[in-house]
Structure formats: C-alpha cells, structure tokens
Amino acid sequence: ERKQPDQGLALEEARPKIKPPPQYQVVLLNDDYTPMEFVVEVLEGFFGMDREKATRIMLHVHTRGKGVCGIYPRDIAETKVAQVNDYSRQHKHPLLCAMEQA
Ligand code: TYC
C-alpha cells in the first residue's frame, strides 16, 4: 500500500506560529514653550506614571529632544498620540506626541 505524503504532526498543525503584533513607541518631542509642569501632568495622566518617573522622563525630553513614554500595539499607540495632541492643543501648548515602530 502506498504511503501518503507526510503532512506533519497534528500538534504542529493545531499550533500555527503566530507573529506577535508589531509594537510602537509613543514619544514626546521637546519644544521651547510647553511648561514643564504641563508635560509632567500629561505623563501622569495619559501614561500612568508617578510624579518621580514623569519628572525624569520630562527632563530627559527637555535635555535630549525626545523620549519614550510607552510601547503599545498600533491601535493603542494611535489613541495615545491623538489624545495627548488634542489635549495639548486644547490647552494652547505646542507639545508634540508621535509614534515610531519599536
Ligand atoms: N522645553 C520645555 C521648557 O523649557 C519643557 C518641555 C519638556 C517641553 C518636554 C516639551 O516634551 C517636552 N519649558
């Protein structure tokens, strides 16, 4: 009797390899006008940081020009960026938030 071609173990077929979703860094950019206190409040309010961490990240952005606030799947990163930029515009600050593929 003729053998059928090997089609692999049932276990392998039941567990197809799934790519993890791509992750995106949400970053804040420095500018000359947004008050430091406002940036700290944004990091606390939108990224769940305590005051100490928010202050450290704000000072990093202030001195280095850019800093990572968090890493998220695309939909969540897009929402954070939109929320922060809307909030900053509502308060008439030029603070810019953006996303980059991690
Ligand atoms: N550079 C601003 C100032 O001196 C503070 C600041 C920090 C602005 C971080 C934006 O993402 C920023 N008031």
# chains A, B, ... in the order shown; residues from 1 in each chain; ligands from 1
$ residues_near_ligand --ligand "ligand 1" --cutoff "7 Å" --atoms "only C-alpha atoms and all ligand atoms" --output "number ranges by chain"
A: 28-36, 39, 58-59, 61-62, 66, 95-96
$ write_last_selection --atoms "N, CA, C and O atoms" --output "PDB file, in the first residue's frame"
ATOM      1  N   LEU A  28       7.496  61.678  23.135  1.00  0.00           N
ATOM      2  CA  LEU A  28       7.240  63.118  23.277  1.00  0.00           C
ATOM      3  C   LEU A  28       8.435  63.850  22.702  1.00  0.00           C
ATOM      4  O   LEU A  28       9.582  63.407  22.841  1.00  0.00           O
ATOM      5  N   LEU A  29       8.157  64.974  22.055  1.00  0.00           N
ATOM      6  CA  LEU A  29       9.213  65.811  21.479  1.00  0.00           C
ATOM      7  C   LEU A  29       9.354  67.092  22.301  1.00  0.00           C
ATOM      8  O   LEU A  29       8.357  67.624  22.810  1.00  0.00           O
ATOM      9  N   ASN A  30      10.568  67.580  22.406  1.00  0.00           N
ATOM     10  CA  ASN A  30      10.801  68.826  23.131  1.00  0.00           C
ATOM     11  C   ASN A  30      10.347  70.025  22.303  1.00  0.00           C
ATOM     12  O   ASN A  30      10.270  69.964  21.069  1.00  0.00           O
ATOM     13  N   ASP A  31       9.995  71.091  22.989  1.00  0.00           N
ATOM     14  CA  ASP A  31       9.782  72.400  22.354  1.00  0.00           C
ATOM     15  C   ASP A  31      10.153  73.452  23.389  1.00  0.00           C
ATOM     16  O   ASP A  31      10.430  73.120  24.543  1.00  0.00           O
ATOM     17  N   ASP A  32      10.185  74.719  22.978  1.00  0.00           N
ATOM     18  CA  ASP A  32      10.666  75.774  23.878  1.00  0.00           C
ATOM     19  C   ASP A  32       9.560  76.393  24.733  1.00  0.00           C
ATOM     20  O   ASP A  32       9.864  77.239  25.586  1.00  0.00           O
ATOM     21  N   TYR A  33       8.309  76.025  24.521  1.00  0.00           N
ATOM     22  CA  TYR A  33       7.196  76.789  25.103  1.00  0.00           C
ATOM     23  C   TYR A  33       6.311  76.027  26.092  1.00  0.00           C
ATOM     24  O   TYR A  33       5.732  76.643  26.988  1.00  0.00           O
ATOM     25  N   THR A  34       6.156  74.724  25.905  1.00  0.00           N
ATOM     26  CA  THR A  34       5.264  73.986  26.808  1.00  0.00           C
ATOM     27  C   THR A  34       5.849  73.988  28.223  1.00  0.00           C
ATOM     28  O   THR A  34       7.018  73.643  28.404  1.00  0.00           O
ATOM     29  N   PRO A  35       5.046  74.381  29.230  1.00  0.00           N
ATOM     30  CA  PRO A  35       5.574  74.382  30.608  1.00  0.00           C
ATOM     31  C   PRO A  35       5.943  72.970  31.066  1.00  0.00           C
ATOM     32  O   PRO A  35       5.248  71.994  30.746  1.00  0.00           O
ATOM     33  N   MET A  36       7.043  72.885  31.813  1.00  0.00           N
ATOM     34  CA  MET A  36       7.473  71.586  32.348  1.00  0.00           C
ATOM     35  C   MET A  36       6.361  70.925  33.166  1.00  0.00           C
ATOM     36  O   MET A  36       6.159  69.706  33.082  1.00  0.00           O
ATOM     37  N   VAL A  39       3.870  69.098  30.974  1.00  0.00           N
ATOM     38  CA  VAL A  39       4.403  67.830  30.437  1.00  0.00           C
ATOM     39  C   VAL A  39       4.349  66.735  31.512  1.00  0.00           C
ATOM     40  O   VAL A  39       3.943  65.601  31.241  1.00  0.00           O
ATOM     41  N   MET A  58      10.272  63.779  31.573  1.00  0.00           N
ATOM     42  CA  MET A  58      10.142  65.149  31.072  1.00  0.00           C
ATOM     43  C   MET A  58      11.518  65.799  30.933  1.00  0.00           C
ATOM     44  O   MET A  58      11.821  66.440  29.911  1.00  0.00           O
ATOM     45  N   LEU A  59      12.377  65.627  31.976  1.00  0.00           N
ATOM     46  CA  LEU A  59      13.720  66.229  31.928  1.00  0.00           C
ATOM     47  C   LEU A  59      14.583  65.580  30.844  1.00  0.00           C
ATOM     48  O   LEU A  59      15.401  66.250  30.205  1.00  0.00           O
ATOM     49  N   VAL A  61      13.409  64.411  27.964  1.00  0.00           N
ATOM     50  CA  VAL A  61      12.951  65.015  26.700  1.00  0.00           C
ATOM     51  C   VAL A  61      13.484  66.445  26.584  1.00  0.00           C
ATOM     52  O   VAL A  61      13.953  66.852  25.509  1.00  0.00           O
ATOM     53  N   HIS A  62      13.434  67.186  27.681  1.00  0.00           N
ATOM     54  CA  HIS A  62      13.891  68.582  27.693  1.00  0.00           C
ATOM     55  C   HIS A  62      15.371  68.678  27.304  1.00  0.00           C
ATOM     56  O   HIS A  62      15.768  69.603  26.580  1.00  0.00           O
ATOM     57  N   LYS A  66      13.887  64.259  22.774  1.00  0.00           N
ATOM     58  CA  LYS A  66      12.856  63.246  22.515  1.00  0.00           C
ATOM     59  C   LYS A  66      12.944  62.188  23.598  1.00  0.00           C
ATOM     60  O   LYS A  66      14.020  61.960  24.160  1.00  0.00           O
ATOM     61  N   LEU A  95       3.131  71.202  22.538  1.00  0.00           N
ATOM     62  CA  LEU A  95       3.662  69.865  22.831  1.00  0.00           C
ATOM     63  C   LEU A  95       3.252  68.862  21.754  1.00  0.00           C
ATOM     64  O   LEU A  95       2.089  68.761  21.381  1.00  0.00           O
ATOM     65  N   LEU A  96       4.241  68.095  21.264  1.00  0.00           N
ATOM     66  CA  LEU A  96       4.003  67.107  20.210  1.00  0.00           C
ATOM     67  C   LEU A  96       4.298  65.698  20.709  1.00  0.00           C
ATOM     68  O   LEU A  96       5.359  65.430  21.277  1.00  0.00           O
TER      69      LEU A  96
END
$ select_by_dssp --residues "chain A" --states "strand (DSSP E or B)" --output "list in words"
Gln23, Tyr24, Gln25, Val26, Val27, Leu28, Leu29, Lys66, Gly67, Val68, Cys69, Gly70, Ile71, Tyr72, Pro73, Leu96, Cys97, Ala98, Met99, Glu100 and Gln101 of chain A
$ write_last_selection --atoms "C-alpha atoms" --output "short mmCIF file (atom, residue, chain, number, x, y, z; two decimals), in the first residue's frame"
data_model
loop_
_atom_site.label_atom_id
_atom_site.label_comp_id
_atom_site.auth_asym_id
_atom_site.auth_seq_id
_atom_site.Cartn_x
_atom_site.Cartn_y
_atom_site.Cartn_z
CA GLN A 23 4.82 47.36 18.80
CA TYR A 24 5.11 51.12 18.59
CA GLN A 25 7.00 53.56 20.81
CA VAL A 26 4.98 56.60 21.77
CA VAL A 27 7.40 59.52 22.06
CA LEU A 28 7.24 63.12 23.28
CA LEU A 29 9.21 65.81 21.48
CA LYS A 66 12.86 63.25 22.51
CA GLY A 67 11.83 60.50 24.90
CA VAL A 68 9.80 57.28 25.01
CA CYS A 69 6.60 57.42 27.10
CA GLY A 70 5.49 53.83 26.47
CA ILE A 71 5.38 50.93 23.98
CA TYR A 72 2.00 49.68 22.71
CA PRO A 73 0.25 47.86 19.86
CA LEU A 96 4.00 67.11 20.21
CA CYS A 97 3.46 63.39 20.72
CA ALA A 98 4.29 60.88 17.95
CA MET A 99 4.72 57.15 17.37
CA GLU A 100 7.60 55.11 15.91
CA GLN A 101 7.72 51.39 15.17
#
$ decode --residues "segment 68-91 of chain A" --atoms "N, CA and C atoms" --output "mmCIF file, in the first residue's frame"
data_model
loop_
_atom_site.group_PDB
_atom_site.id
_atom_site.type_symbol
_atom_site.label_atom_id
_atom_site.label_comp_id
_atom_site.auth_asym_id
_atom_site.auth_seq_id
_atom_site.Cartn_x
_atom_site.Cartn_y
_atom_site.Cartn_z
ATOM 1 N N VAL A 68 10.848 58.300 25.128
ATOM 2 C CA VAL A 68 9.796 57.280 25.014
ATOM 3 C C VAL A 68 8.898 57.325 26.256
ATOM 4 N N CYS A 69 7.590 57.403 26.014
ATOM 5 C CA CYS A 69 6.600 57.418 27.105
ATOM 6 C C CYS A 69 6.037 56.033 27.359
ATOM 7 N N GLY A 70 6.053 55.164 26.330
ATOM 8 C CA GLY A 70 5.494 53.828 26.474
ATOM 9 C C GLY A 70 5.563 53.097 25.150
ATOM 10 N N ILE A 71 5.339 51.769 25.182
ATOM 11 C CA ILE A 71 5.377 50.930 23.985
ATOM 12 C C ILE A 71 4.085 50.138 23.938
ATOM 13 N N TYR A 72 3.355 50.236 22.808
ATOM 14 C CA TYR A 72 1.996 49.683 22.714
ATOM 15 C C TYR A 72 1.749 49.110 21.322
ATOM 16 N N PRO A 73 0.719 48.244 21.203
ATOM 17 C CA PRO A 73 0.249 47.860 19.865
ATOM 18 C C PRO A 73 -0.274 49.099 19.115
ATOM 19 N N ARG A 74 -0.386 48.983 17.789
ATOM 20 C CA ARG A 74 -0.660 50.179 16.962
ATOM 21 C C ARG A 74 -1.900 50.961 17.387
ATOM 22 N N ASP A 75 -3.035 50.284 17.595
ATOM 23 C CA ASP A 75 -4.285 50.992 17.906
ATOM 24 C C ASP A 75 -4.164 51.810 19.180
ATOM 25 N N ILE A 76 -3.534 51.222 20.189
ATOM 26 C CA ILE A 76 -3.410 51.910 21.474
ATOM 27 C C ILE A 76 -2.435 53.075 21.337
ATOM 28 N N ALA A 77 -1.327 52.856 20.606
ATOM 29 C CA ALA A 77 -0.356 53.938 20.382
ATOM 30 C C ALA A 77 -1.020 55.102 19.644
ATOM 31 N N GLU A 78 -1.812 54.801 18.604
ATOM 32 C CA GLU A 78 -2.503 55.853 17.841
ATOM 33 C C GLU A 78 -3.440 56.651 18.731
ATOM 34 N N THR A 79 -4.152 55.938 19.597
ATOM 35 C CA THR A 79 -5.093 56.611 20.504
ATOM 36 C C THR A 79 -4.362 57.523 21.483
ATOM 37 N N LYS A 80 -3.260 57.054 22.056
ATOM 38 C CA LYS A 80 -2.472 57.879 22.996
ATOM 39 C C LYS A 80 -1.983 59.146 22.304
ATOM 40 N N VAL A 81 -1.434 58.995 21.104
ATOM 41 C CA VAL A 81 -0.900 60.149 20.359
ATOM 42 C C VAL A 81 -2.008 61.175 20.125
ATOM 43 N N ALA A 82 -3.171 60.693 19.662
ATOM 44 C CA ALA A 82 -4.283 61.606 19.372
ATOM 45 C C ALA A 82 -4.763 62.293 20.650
ATOM 46 N N GLN A 83 -4.887 61.543 21.732
ATOM 47 C CA GLN A 83 -5.367 62.113 22.997
ATOM 48 C C GLN A 83 -4.409 63.187 23.516
ATOM 49 N N VAL A 84 -3.104 62.900 23.478
ATOM 50 C CA VAL A 84 -2.128 63.859 24.003
ATOM 51 C C VAL A 84 -2.099 65.110 23.129
ATOM 52 N N ASN A 85 -2.104 64.935 21.808
ATOM 53 C CA ASN A 85 -2.040 66.105 20.926
ATOM 54 C C ASN A 85 -3.321 66.940 21.024
ATOM 55 N N ASP A 86 -4.484 66.299 21.109
ATOM 56 C CA ASP A 86 -5.749 67.039 21.294
ATOM 57 C C ASP A 86 -5.717 67.830 22.604
ATOM 58 N N TYR A 87 -5.286 67.161 23.664
ATOM 59 C CA TYR A 87 -5.244 67.794 24.990
ATOM 60 C C TYR A 87 -4.298 68.995 24.986
ATOM 61 N N SER A 88 -3.134 68.824 24.367
ATOM 62 C CA SER A 88 -2.155 69.920 24.314
ATOM 63 C C SER A 88 -2.711 71.106 23.528
ATOM 64 N N ARG A 89 -3.376 70.827 22.408
ATOM 65 C CA ARG A 89 -3.970 71.897 21.596
ATOM 66 C C ARG A 89 -5.081 72.596 22.364
ATOM 67 N N GLN A 90 -5.895 71.831 23.078
ATOM 68 C CA GLN A 90 -6.970 72.438 23.886
ATOM 69 C C GLN A 90 -6.395 73.421 24.891
ATOM 70 N N HIS A 91 -5.201 73.122 25.390
ATOM 71 C CA HIS A 91 -4.566 73.995 26.375
ATOM 72 C C HIS A 91 -3.587 74.979 25.718
#
